[in-house]
$ cat work-v4.txt   # compact mmCIF, C-alpha atoms
# COMPACT_ATOMS: atom_id res chain seq x y z
CA MET A 1 123.72 47.65 127.05
CA ARG A 2 125.35 45.19 129.38
CA ASP A 3 124.56 45.45 133.09
CA ILE A 4 126.77 48.14 134.62
CA ASN A 5 128.18 45.75 137.22
CA ALA A 6 129.34 43.44 134.46
CA VAL A 7 130.97 46.37 132.68
CA LEU A 8 132.70 47.38 135.91
CA ALA A 9 133.92 43.84 136.51
CA ALA A 10 135.34 43.67 133.01
CA ASN A 11 137.19 46.98 133.31
CA SER A 12 138.12 47.38 136.99
CA LYS A 13 141.54 45.78 136.66
CA ALA A 14 142.59 48.10 133.87
CA LEU A 15 141.19 51.15 135.63
CA MET A 16 142.84 50.25 138.96
CA ALA A 17 146.15 49.83 137.14
CA GLU A 18 146.13 53.49 136.12
CA PRO A 19 148.58 55.46 138.35
CA GLY A 20 146.81 57.25 141.18
CA VAL A 21 143.55 55.29 140.98
CA VAL A 22 142.54 54.01 144.41
CA GLY A 23 139.07 52.70 143.70
CA VAL A 24 136.27 52.18 141.19
CA TYR A 25 132.56 51.74 141.81
CA VAL A 26 129.03 52.02 140.50
CA GLY A 27 127.61 55.38 141.48
CA LEU A 28 125.12 57.97 140.36
CA ALA A 29 125.68 60.78 137.92
CA PRO A 30 125.03 64.35 139.10
CA ASP A 31 121.35 63.95 138.22
CA GLN A 32 121.23 61.43 141.09
CA LYS A 33 119.30 59.03 138.90
CA THR A 34 121.57 57.73 136.17
CA GLN A 35 124.03 55.04 137.12
CA CYS A 36 127.60 55.64 136.09
CA LEU A 37 131.08 54.32 136.72
CA LYS A 38 133.16 56.30 139.20
CA VAL A 39 136.93 56.27 139.43
CA MET A 40 138.50 57.37 142.73
CA ILE A 41 141.85 59.11 142.30
CA LYS A 42 144.27 60.07 145.04
CA ASP A 43 144.95 63.70 144.06
CA ARG A 44 144.35 66.37 141.44
CA GLU A 45 147.68 65.87 139.72
CA ALA A 46 147.04 62.17 139.25
CA ALA A 47 143.50 62.94 138.07
CA ALA A 48 144.87 65.27 135.41
CA ARG A 49 147.33 62.66 134.18
CA ALA A 50 145.10 59.58 134.44
CA LYS A 51 144.04 58.11 131.13
CA ILE A 52 140.42 57.35 131.94
CA PRO A 53 137.84 57.09 129.17
CA LYS A 54 134.80 59.35 129.46
CA GLU A 55 132.50 56.46 128.63
CA ILE A 56 132.65 52.68 128.68
CA GLU A 57 130.01 50.63 126.84
CA GLY A 58 127.56 53.50 127.01
CA TYR A 59 128.08 54.24 130.71
CA ARG A 60 129.51 57.57 131.68
CA VAL A 61 132.80 57.43 133.60
CA ILE A 62 133.37 60.16 136.21
CA LYS A 63 136.68 60.84 137.91
CA GLU A 64 136.63 61.76 141.60
CA VAL A 65 139.52 63.17 143.60
CA THR A 66 139.05 61.36 146.90
CA GLY A 67 142.50 61.07 148.43
CA GLU A 68 143.94 57.72 149.36
CA MET A 69 141.80 55.23 151.22
CA ARG A 70 143.24 54.50 154.65
CA ALA A 71 142.21 52.18 157.41
CA LEU A 72 140.54 54.48 159.95
CA MET B 1 152.74 54.84 157.50
CA LYS B 2 150.32 54.32 160.38
CA HIS B 3 149.39 57.59 162.01
CA LEU B 4 146.66 59.37 163.88
CA SER B 5 144.47 59.91 160.93
CA ARG B 6 144.15 56.21 160.48
CA ARG B 7 143.39 54.83 163.84
CA LEU B 8 143.87 57.74 166.13
CA PHE B 9 147.07 57.71 168.12
CA LEU B 10 147.75 59.45 171.32
CA ARG B 11 151.36 60.38 171.56
CA ALA B 12 153.10 59.89 174.88
CA VAL B 13 153.24 63.29 176.54
CA LEU B 14 156.54 64.72 177.68
CA VAL B 15 155.83 67.29 180.31
CA LEU B 16 158.13 70.23 180.81
CA ALA B 17 157.37 71.05 184.44
CA SER B 18 157.39 68.73 187.39
CA ALA B 19 153.97 67.53 188.59
CA LEU B 20 152.50 70.35 190.62
CA SER B 21 148.99 70.50 192.04
CA VAL B 22 146.78 73.38 190.98
CA THR B 23 147.09 74.88 194.48
CA SER B 24 150.82 74.75 194.44
CA ILE B 25 150.92 76.32 190.99
CA LEU B 26 149.09 79.36 192.27
CA SER B 27 151.45 79.84 195.16
CA ALA B 28 154.69 78.54 193.64
CA ALA B 29 157.49 80.55 192.14
CA PRO B 30 156.62 81.46 188.52
CA GLY B 31 159.15 78.99 187.08
CA PRO B 32 156.90 76.43 185.43
CA LEU B 33 154.43 79.01 184.15
CA ASP B 34 157.20 81.28 182.88
CA LYS B 35 158.65 78.39 180.94
CA ALA B 36 155.27 77.48 179.55
CA TYR B 37 154.54 81.05 178.47
CA SER B 38 157.96 81.31 176.88
CA LEU B 39 157.36 78.05 175.04
CA GLN B 40 153.95 79.24 173.93
CA LYS B 41 155.44 82.44 172.47
CA ARG B 42 158.10 80.45 170.63
CA VAL B 43 155.94 77.76 169.05
CA THR B 44 152.40 79.08 168.67
CA GLY B 45 153.00 81.03 165.48
CA GLN B 46 154.37 78.00 163.68
CA LEU B 47 151.84 75.62 165.18
CA MET B 48 148.88 77.73 164.06
CA LYS B 49 150.03 77.33 160.46
CA GLU B 50 149.67 73.58 160.72
CA PRO B 51 146.41 72.24 159.28
CA GLY B 52 144.03 71.14 162.02
CA VAL B 53 145.58 73.17 164.84
CA LEU B 54 142.95 75.39 166.46
CA GLY B 55 144.97 77.11 169.15
CA THR B 56 147.24 76.85 172.17
CA ALA B 57 146.81 77.58 175.84
CA ILE B 58 148.62 77.18 179.13
CA GLY B 59 146.96 74.37 180.96
CA LEU B 60 147.50 71.22 182.91
CA ASP B 61 148.18 67.78 181.60
CA ALA B 62 146.53 64.58 182.87
CA ASN B 63 148.94 64.52 185.82
CA GLY B 64 148.15 68.06 186.91
CA ALA B 65 151.44 69.46 185.72
CA VAL B 66 151.75 72.70 183.77
CA ALA B 67 151.91 72.10 180.06
CA LEU B 68 151.29 73.91 176.82
CA VAL B 69 148.04 72.53 175.44
CA ILE B 70 147.72 72.32 171.66
CA TYR B 71 144.09 72.16 170.52
CA VAL B 72 143.66 69.99 167.43
CA ASP B 73 140.48 69.57 165.40
CA VAL B 74 139.53 65.93 165.96
CA ALA B 75 137.71 65.82 162.62
CA HIS B 76 140.59 67.21 160.57
CA PRO B 77 142.34 64.75 158.24
CA ASN B 78 145.69 66.08 159.47
CA ALA B 79 144.85 65.57 163.16
CA GLY B 80 147.13 62.57 163.45
CA ASN B 81 150.12 64.33 161.95
CA VAL B 82 150.32 67.19 164.42
CA LYS B 83 153.45 66.72 166.48
CA ALA B 84 153.69 67.94 170.08
CA PRO B 85 157.00 69.66 170.88
CA LEU B 86 158.64 68.85 174.20
CA GLY B 87 156.56 70.29 177.00
CA CYS B 88 153.28 70.18 175.12
CA THR B 89 150.20 68.03 175.22
CA ILE B 90 147.70 67.58 172.44
CA GLN B 91 144.02 68.03 173.17
CA LEU B 92 141.69 66.73 170.48
CA THR B 93 138.56 68.82 170.30
CA ASP B 94 135.67 69.87 168.13
CA LYS B 95 136.08 73.17 166.35
CA PHE B 96 135.52 76.19 168.51
CA ARG B 97 132.31 77.94 167.53
CA ALA B 98 130.50 81.10 168.48
CA MET B 99 127.68 79.75 170.64
CA GLY B 100 124.47 80.53 168.81
CA LYS B 101 121.44 78.36 168.04
CA PRO B 102 122.08 74.65 168.56
CA GLY B 103 122.85 73.06 165.22
CA GLY B 104 122.38 69.56 163.89
CA GLY B 105 125.31 67.51 162.77
CA SER B 106 125.72 66.86 159.10
CA ALA B 107 127.75 64.40 157.14
CA GLY B 108 128.28 63.13 153.68
CA GLY B 109 125.54 63.52 151.14
CA LYS B 110 122.70 64.83 153.24
CA PRO B 111 122.40 67.65 155.74
CA GLY B 112 120.87 67.28 159.13
CA GLY B 113 121.12 64.35 161.47
CA GLY B 114 123.33 63.86 164.45
CA GLY B 115 123.26 66.97 166.57
CA GLY B 116 125.20 67.37 169.77
CA THR B 117 124.57 65.08 172.69
CA ALA B 118 126.17 64.56 176.05
CA VAL B 119 126.87 60.89 175.32
CA SER B 120 130.54 60.01 175.58
CA HIS B 121 131.92 57.44 173.18
CA THR B 122 135.33 57.50 174.82
CA ALA B 123 134.70 57.34 178.57
CA ILE B 124 134.98 54.14 180.55
CA GLN B 125 131.48 52.72 181.03
CA THR B 126 129.94 50.91 183.95
CA PRO B 127 129.41 47.33 182.78
CA PRO B 128 127.59 45.96 180.97
CA ILE B 129 128.83 48.39 178.36
CA LEU B 130 127.02 49.59 175.26
CA LEU B 131 128.72 49.31 171.88
CA GLY B 132 129.67 52.17 169.55
CA THR B 133 132.41 52.97 172.03
CA SER B 134 136.18 53.33 172.15
CA GLY B 135 137.97 50.01 172.39
CA GLY B 136 141.03 48.09 171.31
CA TRP B 137 143.66 45.44 171.89
CA SER B 138 145.09 45.76 175.40
CA LYS B 139 148.70 45.79 174.18
CA ASP B 140 148.31 48.07 171.17
CA LEU B 141 151.25 50.27 172.03
CA ALA B 142 154.44 50.41 169.96
CA ASN B 143 156.96 52.80 168.46
CA GLY B 144 155.96 55.60 170.84
CA TYR B 145 152.25 55.46 170.00
CA CYS B 146 149.15 53.67 171.19
CA CYS B 147 146.26 52.75 168.94
CA GLY B 148 142.58 51.90 169.13
CA GLY B 149 139.24 52.19 167.40
CA THR B 150 135.57 51.37 167.91
CA PHE B 151 133.83 48.33 169.34
CA GLY B 152 130.86 48.73 167.07
CA SER B 153 128.39 45.91 167.63
CA LEU B 154 127.73 42.41 168.87
CA VAL B 155 127.42 39.21 166.86
CA GLN B 156 126.40 35.74 167.97
CA VAL B 157 127.57 32.32 166.84
CA GLY B 158 125.77 29.48 168.53
CA THR B 159 125.48 30.46 172.18
CA LYS B 160 128.49 32.75 172.23
CA GLN B 161 128.54 36.51 171.78
CA TYR B 162 131.41 38.41 170.24
CA ILE B 163 132.32 42.08 170.00
CA LEU B 164 132.58 42.96 166.30
CA SER B 165 135.20 45.46 165.16
CA ASN B 166 137.99 45.47 162.58
CA TYR B 167 141.13 43.38 162.19
CA HIS B 168 143.19 46.54 162.30
CA VAL B 169 141.57 47.57 165.61
CA MET B 170 141.84 44.19 167.34
CA GLU B 171 144.77 42.21 165.97
CA ALA B 172 146.84 44.22 163.51
CA ASP B 173 150.08 43.79 165.45
CA ILE B 174 151.55 40.88 163.53
CA VAL B 175 155.25 41.62 163.97
CA SER B 176 157.36 41.82 167.13
CA GLY B 177 158.77 45.06 165.83
CA GLY B 178 158.58 48.01 168.18
CA ASN B 179 156.97 46.32 171.20
CA GLY B 180 158.25 42.75 171.16
CA THR B 181 154.77 41.24 170.99
CA THR B 182 152.06 40.26 168.56
CA ALA B 183 148.29 39.95 168.94
CA THR B 184 147.30 36.49 170.14
CA SER B 185 143.99 34.77 170.77
CA GLY B 186 143.05 35.14 174.41
CA ASP B 187 144.61 38.59 174.80
CA PRO B 188 142.32 41.00 176.64
CA VAL B 189 140.53 43.67 174.68
CA ILE B 190 139.68 46.80 176.60
CA GLN B 191 137.14 49.60 176.81
CA PRO B 192 138.05 52.39 176.36
CA GLY B 193 140.95 51.75 174.01
CA LEU B 194 144.46 52.84 174.98
CA ILE B 195 144.06 56.02 172.94
CA ASP B 196 141.48 57.29 175.40
CA VAL B 197 143.27 56.46 178.64
CA ASN B 198 146.61 58.16 177.89
CA CYS B 199 148.00 54.82 176.70
CA ASP B 200 147.59 53.47 180.27
CA GLY B 201 145.79 50.14 180.19
CA THR B 202 145.24 50.16 183.96
CA LYS B 203 142.67 52.92 183.40
CA ALA B 204 140.59 50.70 181.09
CA GLN B 205 138.61 47.52 181.67
CA ALA B 206 138.84 44.17 179.95
CA VAL B 207 135.56 43.46 178.21
CA GLY B 208 136.52 40.49 176.08
CA SER B 209 139.26 38.23 174.84
CA LEU B 210 140.65 38.35 171.33
CA VAL B 211 139.69 35.63 168.88
CA LYS B 212 142.35 35.99 166.23
CA LEU B 213 140.92 35.35 162.78
CA SER B 214 143.55 36.96 160.51
CA SER B 215 140.95 38.12 157.99
CA ILE B 216 143.72 40.08 156.30
CA PRO B 217 146.24 40.13 154.75
CA SER B 218 144.69 37.61 152.46
CA SER B 219 144.26 36.84 148.82
CA THR B 220 140.89 35.22 149.44
CA SER B 221 139.28 37.18 152.27
CA ASN B 222 137.31 40.32 151.45
CA VAL B 223 136.61 41.69 154.94
CA ASP B 224 138.45 43.64 157.64
CA VAL B 225 137.04 41.80 160.65
CA GLY B 226 138.15 41.57 164.27
CA LEU B 227 136.30 39.67 167.02
CA ALA B 228 136.54 39.32 170.76
CA LEU B 229 134.66 36.82 172.90
CA VAL B 230 132.64 38.75 175.45
CA ASN B 231 133.69 38.50 179.10
CA PRO B 232 130.65 37.50 181.18
CA GLY B 233 128.64 40.50 182.31
CA MET B 234 130.81 43.09 180.60
CA VAL B 235 128.79 43.82 177.44
CA SER B 236 125.09 44.49 177.16
CA ALA B 237 123.68 41.17 175.96
CA ASP B 238 121.03 42.86 173.81
CA GLY B 239 123.78 44.38 171.64
CA ALA B 240 122.58 47.93 172.24
CA ILE B 241 124.69 50.66 170.66
CA LEU B 242 125.26 54.15 172.08
CA GLU B 243 122.81 56.68 170.59
CA ILE B 244 121.22 53.99 168.41
CA GLY B 245 119.87 51.49 170.93
CA THR B 246 119.08 47.94 169.98
CA ILE B 247 119.27 46.92 166.34
CA SER B 248 117.47 44.31 164.31
CA SER B 249 118.87 40.80 164.16
CA THR B 250 118.26 40.88 160.42
CA THR B 251 120.34 42.72 157.87
CA VAL B 252 119.67 44.63 154.67
CA ALA B 253 121.64 45.00 151.46
CA ALA B 254 123.07 48.39 150.57
CA SER B 255 121.40 50.46 147.86
CA LEU B 256 122.28 53.72 146.18
CA ASN B 257 121.07 56.83 148.02
CA GLN B 258 120.18 54.74 151.07
CA ALA B 259 120.23 56.81 154.28
CA VAL B 260 122.56 55.31 156.88
CA LYS B 261 123.95 56.11 160.32
CA LYS B 262 126.64 54.84 162.63
CA SER B 263 127.86 55.24 166.21
CA GLY B 264 131.61 55.41 166.67
CA ARG B 265 134.41 56.49 168.95
CA THR B 266 135.44 59.69 167.18
CA THR B 267 132.46 61.25 165.43
CA GLY B 268 129.80 59.64 167.63
CA LEU B 269 126.41 59.34 166.00
CA SER B 270 126.68 60.46 162.39
CA ARG B 271 124.58 60.15 159.26
CA SER B 272 125.18 60.01 155.53
CA THR B 273 124.01 58.29 152.36
CA ILE B 274 125.36 55.49 150.25
CA VAL B 275 126.88 56.90 147.08
CA GLY B 276 128.48 53.82 145.57
CA LEU B 277 128.22 50.05 145.30
CA ASN B 278 130.33 47.17 144.09
CA ALA B 279 133.50 49.15 144.71
CA THR B 280 137.00 47.83 144.20
CA ILE B 281 139.17 49.63 146.72
CA SER B 282 142.84 49.46 147.61
CA VAL B 283 143.64 50.15 151.30
CA ALA B 284 147.05 50.41 152.94
CA TYR B 285 147.75 48.81 156.34
CA ASP B 286 150.51 48.83 158.93
CA ASN B 287 151.71 45.69 160.69
CA GLU B 288 151.74 47.21 164.17
CA CYS B 289 150.86 50.50 165.84
CA ALA B 290 152.93 53.24 164.16
CA GLY B 291 154.81 50.53 162.33
CA GLY B 292 154.72 52.06 158.89
CA GLN B 293 152.88 50.79 155.83
CA ALA B 294 153.34 47.06 155.51
CA PHE B 295 150.83 45.80 152.96
CA THR B 296 147.94 46.80 150.75
CA GLN B 297 144.67 44.91 150.67
CA THR B 298 142.36 45.20 147.68
CA TYR B 299 138.68 44.65 148.36
CA THR B 300 135.88 44.11 145.88
CA GLY B 301 132.15 44.61 146.16
CA GLN B 302 132.51 47.35 148.77
CA ILE B 303 130.04 50.03 149.84
CA VAL B 304 130.96 53.71 149.39
CA ILE B 305 129.42 56.33 151.66
CA GLY B 306 129.64 60.11 151.42
CA ASN B 307 132.16 61.44 153.95
CA LYS B 308 132.67 65.10 153.22
CA GLY B 309 135.10 66.60 155.68
CA SER B 310 135.38 63.24 157.45
CA LYS B 311 132.20 64.08 159.35
CA PHE B 312 130.64 60.66 158.95
CA LEU B 313 133.76 58.60 159.59
CA ASN B 314 137.17 59.60 160.90
CA SER B 315 140.21 58.03 162.49
CA GLY B 316 139.14 55.96 165.47
CA ASP B 317 135.68 55.22 164.08
CA SER B 318 136.89 52.04 162.42
CA GLY B 319 134.86 49.08 163.63
CA SER B 320 131.58 51.01 163.71
CA LEU B 321 128.49 49.24 162.44
CA MET B 322 126.64 51.06 159.68
CA VAL B 323 122.86 50.65 159.93
CA GLU B 324 119.88 51.97 158.02
CA ASP B 325 118.82 55.37 159.27
CA VAL B 326 115.50 54.49 160.91
CA ALA B 327 114.38 55.30 164.42
CA THR B 328 113.99 51.84 165.96
CA ASN B 329 115.82 48.57 165.59
CA PRO B 330 117.63 49.47 162.38
CA ARG B 331 119.06 46.69 160.25
CA ALA B 332 122.80 46.42 159.74
CA VAL B 333 124.15 47.35 156.32
CA GLY B 334 127.92 47.24 156.61
CA LEU B 335 131.07 47.26 158.75
CA LEU B 336 133.02 50.52 158.42
CA TYR B 337 136.80 50.33 158.19
CA ALA B 338 138.43 52.81 155.82
CA GLY B 339 138.04 56.06 153.97
CA SER B 340 139.32 59.50 153.16
CA SER B 341 138.07 63.03 153.71
CA THR B 342 135.51 62.51 150.94
CA SER B 343 134.49 58.86 151.09
CA ALA B 344 133.94 56.14 153.70
CA ILE B 345 134.16 52.44 152.90
CA ALA B 346 132.25 49.53 154.43
CA ASN B 347 132.32 45.77 154.03
CA PRO B 348 128.81 44.52 153.17
CA ILE B 349 127.43 43.01 156.36
CA GLY B 350 126.50 39.81 154.54
CA ASP B 351 130.17 39.25 153.66
CA VAL B 352 131.17 39.95 157.26
CA LEU B 353 128.72 37.44 158.72
CA ALA B 354 129.61 34.85 156.10
CA PHE B 355 133.29 35.18 156.99
CA ILE B 356 132.58 34.80 160.71
CA THR B 357 130.32 31.81 160.05
CA GLY B 358 133.09 30.16 158.06
CA ALA B 359 135.65 30.85 160.75
CA LEU B 360 133.63 29.97 163.87
CA GLY B 361 130.47 28.21 162.84
CA GLY B 362 131.95 24.75 162.71
CA GLY B 363 129.63 23.88 159.87
CA VAL B 364 126.72 24.01 162.28
CA ASP B 365 126.12 27.54 163.49
CA THR B 366 125.55 30.76 161.56
CA ALA B 367 126.76 34.16 162.68
CA THR B 368 123.98 36.70 163.24
CA MET B 369 123.76 40.24 164.53
CA VAL B 370 122.66 40.42 168.15
CA GLY B 371 119.40 42.32 168.04
CA VAL B 372 115.65 42.24 168.05
CA SER B 373 114.02 39.60 165.91
CA PRO B 374 111.41 40.99 163.53
CA ALA B 375 107.78 40.28 164.30
CA PRO B 376 106.50 37.17 162.49
$ encode --input "work-v4.txt" --output "structure tokens"
Amino acid sequence: MRDINAVLAANSKALMAEPGVVGVYVGLAPDQKTQCLKVMIKDREAAARAKIPKEIEGYRVIKEVTGEMRAL
Amino acid sequence: MKHLSRRLFLRAVLVLASALSVTSILSAAPGPLDKAYSLQKRVTGQLMKEPGVLGTAIGLDANGAVALVIYVDVAHPNAGNVKAPLGCTIQLTDKFRAMGKPGGGSAGGKPGGGGGTAVSHTAIQTPPILLGTSGGWSKDLANGYCCGGTFGSLVQVGTKQYILSNYHVMEADIVSGGNGTTATSGDPVIQPGLIDVNCDGTKAQAVGSLVKLSSIPSSTSNVDVGLALVNPGMVSADGAILEIGTISSTTVAASLNQAVKKSGRTTGLSRSTIVGLNATISVAYDNECAGGQAFTQTYTGQIVIGNKGSKFLNSGDSGSLMVEDVATNPRAVGLLYAGSSTSAIANPIGDVLAFITGALGGGVDTATMVGVSPAP
């Protein structure tokens, strides 16, 4: 498998272009050990509509409803 | 649109009654109190339905005049959107709790941590001040609001020391717009920020002068950085941060599950863990205080930190330095600047220092954190 950061770099533009996506990053799966790709989405409705694959190049892709990112 | 939940605004208060002293209130005709009670009866029901509103009470505003006080949860994401009807004043507060055993603070991915302390991150300090405190541009008032954030840490380039915060705390006013001015190098920066002195700059002290770097908006920059040259004697030269103390002059890269902490204006000392790396994040910005959304900046390679319930980072904490969660002289990890009620975002500190070096180093000097050098 390619390095996960390389996979993210290759796919971040397409993922960020999906309506409602506000961020993408390398995170940990619920087991807190396995690296995965995480997609931050602004709300539940957008998360339901977003066309996000469940896996990219063997890495699990997890959607997160985070709200929009704002300067604090 | 820029609002309280981004940088913490304090709306100008319109007071219903004339300014009466407490003594005169007790002996005066019931007029002002009657009006306040009547107002309270009319508006409380609706106000209590608004997310973040904790309660109302008859009290006194900063001038000693009778006003209806609206208590708003400072940590609530909606805190900035609560509007004060005529005759009311907003009081930001922690949630009201039944007073039982003292509890520790918690934030983000891990329980435990902060706890309550008597340290104020918003009060004016006797110089030289410690960082991790309220601060901002001295003229950050426009469109009926004033703005501010956190002066998080100290950096050094050559022989000069600079307060490190964010662009959007120090110099985000880039249009004449609502106040007829824009942030300019040399402008005073103040502690506390306008948001903590009722928008009255005469109640704050100048601690530095703005060095405008315009890190954003940019197609090439990847950091939200604001700097101010320290005024002599006004900032603790060892770079000590409230509730953290001195930090290391060295830095450390972020790693997944790394325990971190920060000291900031709104949530004080708070702790969490790093839950994401190499993030691409899109963040919206205004072009002056309460100016409305003006542009979006997309960052790459960012650090993501757990921020459940905005307990680690909330409006007004922008500019805080994120350090490793160790007891003494922790190393810097990132510069906090954005987030939501689930996630906080930081620029990697290496990117921040590299940007400052490029802007101010003159090809000779390198920007470093002001702190304790590690033992050889």
$ residues_around --input "work-v4.txt" --residues "Asp3 in chain A" --least-positions-apart "3" --cutoff "12 Å" --atoms "all atoms listed in the file" --output "short mmCIF file (atom, residue, chain, number, x, y, z; two decimals) with C-alpha atoms, in the coordinates of the input"
data_model
loop_
_atom_site.label_atom_id
_atom_site.label_comp_id
_atom_site.auth_asym_id
_atom_site.auth_seq_id
_atom_site.Cartn_x
_atom_site.Cartn_y
_atom_site.Cartn_z
CA ALA A 6 129.34 43.44 134.46
CA VAL A 7 130.97 46.37 132.68
CA LEU A 8 132.70 47.38 135.91
CA ALA A 9 133.92 43.84 136.51
CA ALA A 10 135.34 43.67 133.01
CA VAL A 26 129.03 52.02 140.50
CA GLN A 35 124.03 55.04 137.12
CA CYS A 36 127.60 55.64 136.09
CA LEU A 37 131.08 54.32 136.72
CA ILE A 56 132.65 52.68 128.68
CA GLU A 57 130.01 50.63 126.84
CA GLY A 58 127.56 53.50 127.01
CA TYR A 59 128.08 54.24 130.71
#
$ interface_residues --input "work-v4.txt" --of "chain A" --to "chain B" --cutoff "8 Å" --atoms "only C-alpha atoms" --output "list in words"
Asn5, Ser12, Val22, Gly23, Val24, Tyr25, Val26, Gly27, Leu28, Thr66, Gly67, Glu68, Met69, Arg70, Ala71 and Leu72 of chain A
$ atom_distance --input "work-v4.txt" --atom1 "CA of Ile4 in chain A" --atom2 "CA of Ala29 in chain A"
13.1 Å
$ residues_around --input "work-v4.txt" --residues "Glu18 in chain A" --least-positions-apart "2" --cutoff "12 Å" --atoms "only C-alpha atoms" --output "list in words"
Asn11, Ser12, Lys13, Ala14, Leu15, Met16, Gly20, Val21, Val22, Gly23, Val24, Val39, Met40, Ile41, Lys42, Ala46, Ala47, Ala48, Arg49, Ala50, Lys51, Ile52 and Pro53 of chain A
$ atom_distance --input "work-v4.txt" --atom1 "CA of Thr34 in chain A" --atom2 "CA of Ala259 in chain B"
18.2 Å
$ build_atoms --input "work-v4.txt" --residues "range 38-55 of chain A" --atoms "N, CA and C atoms" --output "tab-separated table (two decimals), keeping the file's coordinate frame"
chain	number	residue	atom	x	y	z
A	38	LYS	N	132.37	55.25	138.55
A	38	LYS	CA	133.16	56.30	139.20
A	38	LYS	C	134.56	55.78	139.46
A	39	VAL	N	135.53	56.63	139.23
A	39	VAL	CA	136.93	56.27	139.43
A	39	VAL	C	137.50	57.19	140.51
A	40	MET	N	137.95	56.60	141.61
A	40	MET	CA	138.50	57.37	142.73
A	40	MET	C	140.00	57.57	142.51
A	41	ILE	N	140.45	58.80	142.58
A	41	ILE	CA	141.85	59.11	142.30
A	41	ILE	C	142.45	59.86	143.49
A	42	LYS	N	143.71	59.60	143.77
A	42	LYS	CA	144.27	60.07	145.04
A	42	LYS	C	144.48	61.58	145.10
A	43	ASP	N	144.77	62.25	144.00
A	43	ASP	CA	144.95	63.70	144.06
A	43	ASP	C	144.71	64.33	142.69
A	44	ARG	N	144.70	65.66	142.67
A	44	ARG	CA	144.35	66.37	141.44
A	44	ARG	C	145.38	66.14	140.33
A	45	GLU	N	146.64	66.05	140.73
A	45	GLU	CA	147.68	65.87	139.72
A	45	GLU	C	147.49	64.52	139.03
A	46	ALA	N	147.26	63.50	139.83
A	46	ALA	CA	147.04	62.17	139.25
A	46	ALA	C	145.78	62.16	138.39
A	47	ALA	N	144.75	62.89	138.84
A	47	ALA	CA	143.50	62.94	138.07
A	47	ALA	C	143.72	63.58	136.71
A	48	ALA	N	144.60	64.60	136.68
A	48	ALA	CA	144.87	65.27	135.41
A	48	ALA	C	145.63	64.36	134.45
A	49	ARG	N	146.49	63.51	135.03
A	49	ARG	CA	147.33	62.66	134.18
A	49	ARG	C	146.65	61.35	133.80
A	50	ALA	N	145.68	60.92	134.63
A	50	ALA	CA	145.10	59.58	134.44
A	50	ALA	C	144.40	59.46	133.09
A	51	LYS	N	144.69	58.37	132.43
A	51	LYS	CA	144.04	58.11	131.13
A	51	LYS	C	142.79	57.29	131.39
A	52	ILE	N	141.70	57.99	131.63
A	52	ILE	CA	140.42	57.35	131.94
A	52	ILE	C	139.43	57.72	130.86
A	53	PRO	N	138.80	56.75	130.22
A	53	PRO	CA	137.84	57.09	129.17
A	53	PRO	C	136.63	57.80	129.76
A	54	LYS	N	135.98	58.63	128.96
A	54	LYS	CA	134.80	59.35	129.46
A	54	LYS	C	133.57	58.45	129.48
A	55	GLU	N	133.65	57.34	128.73
A	55	GLU	CA	132.50	56.46	128.63
A	55	GLU	C	133.00	55.04	128.35
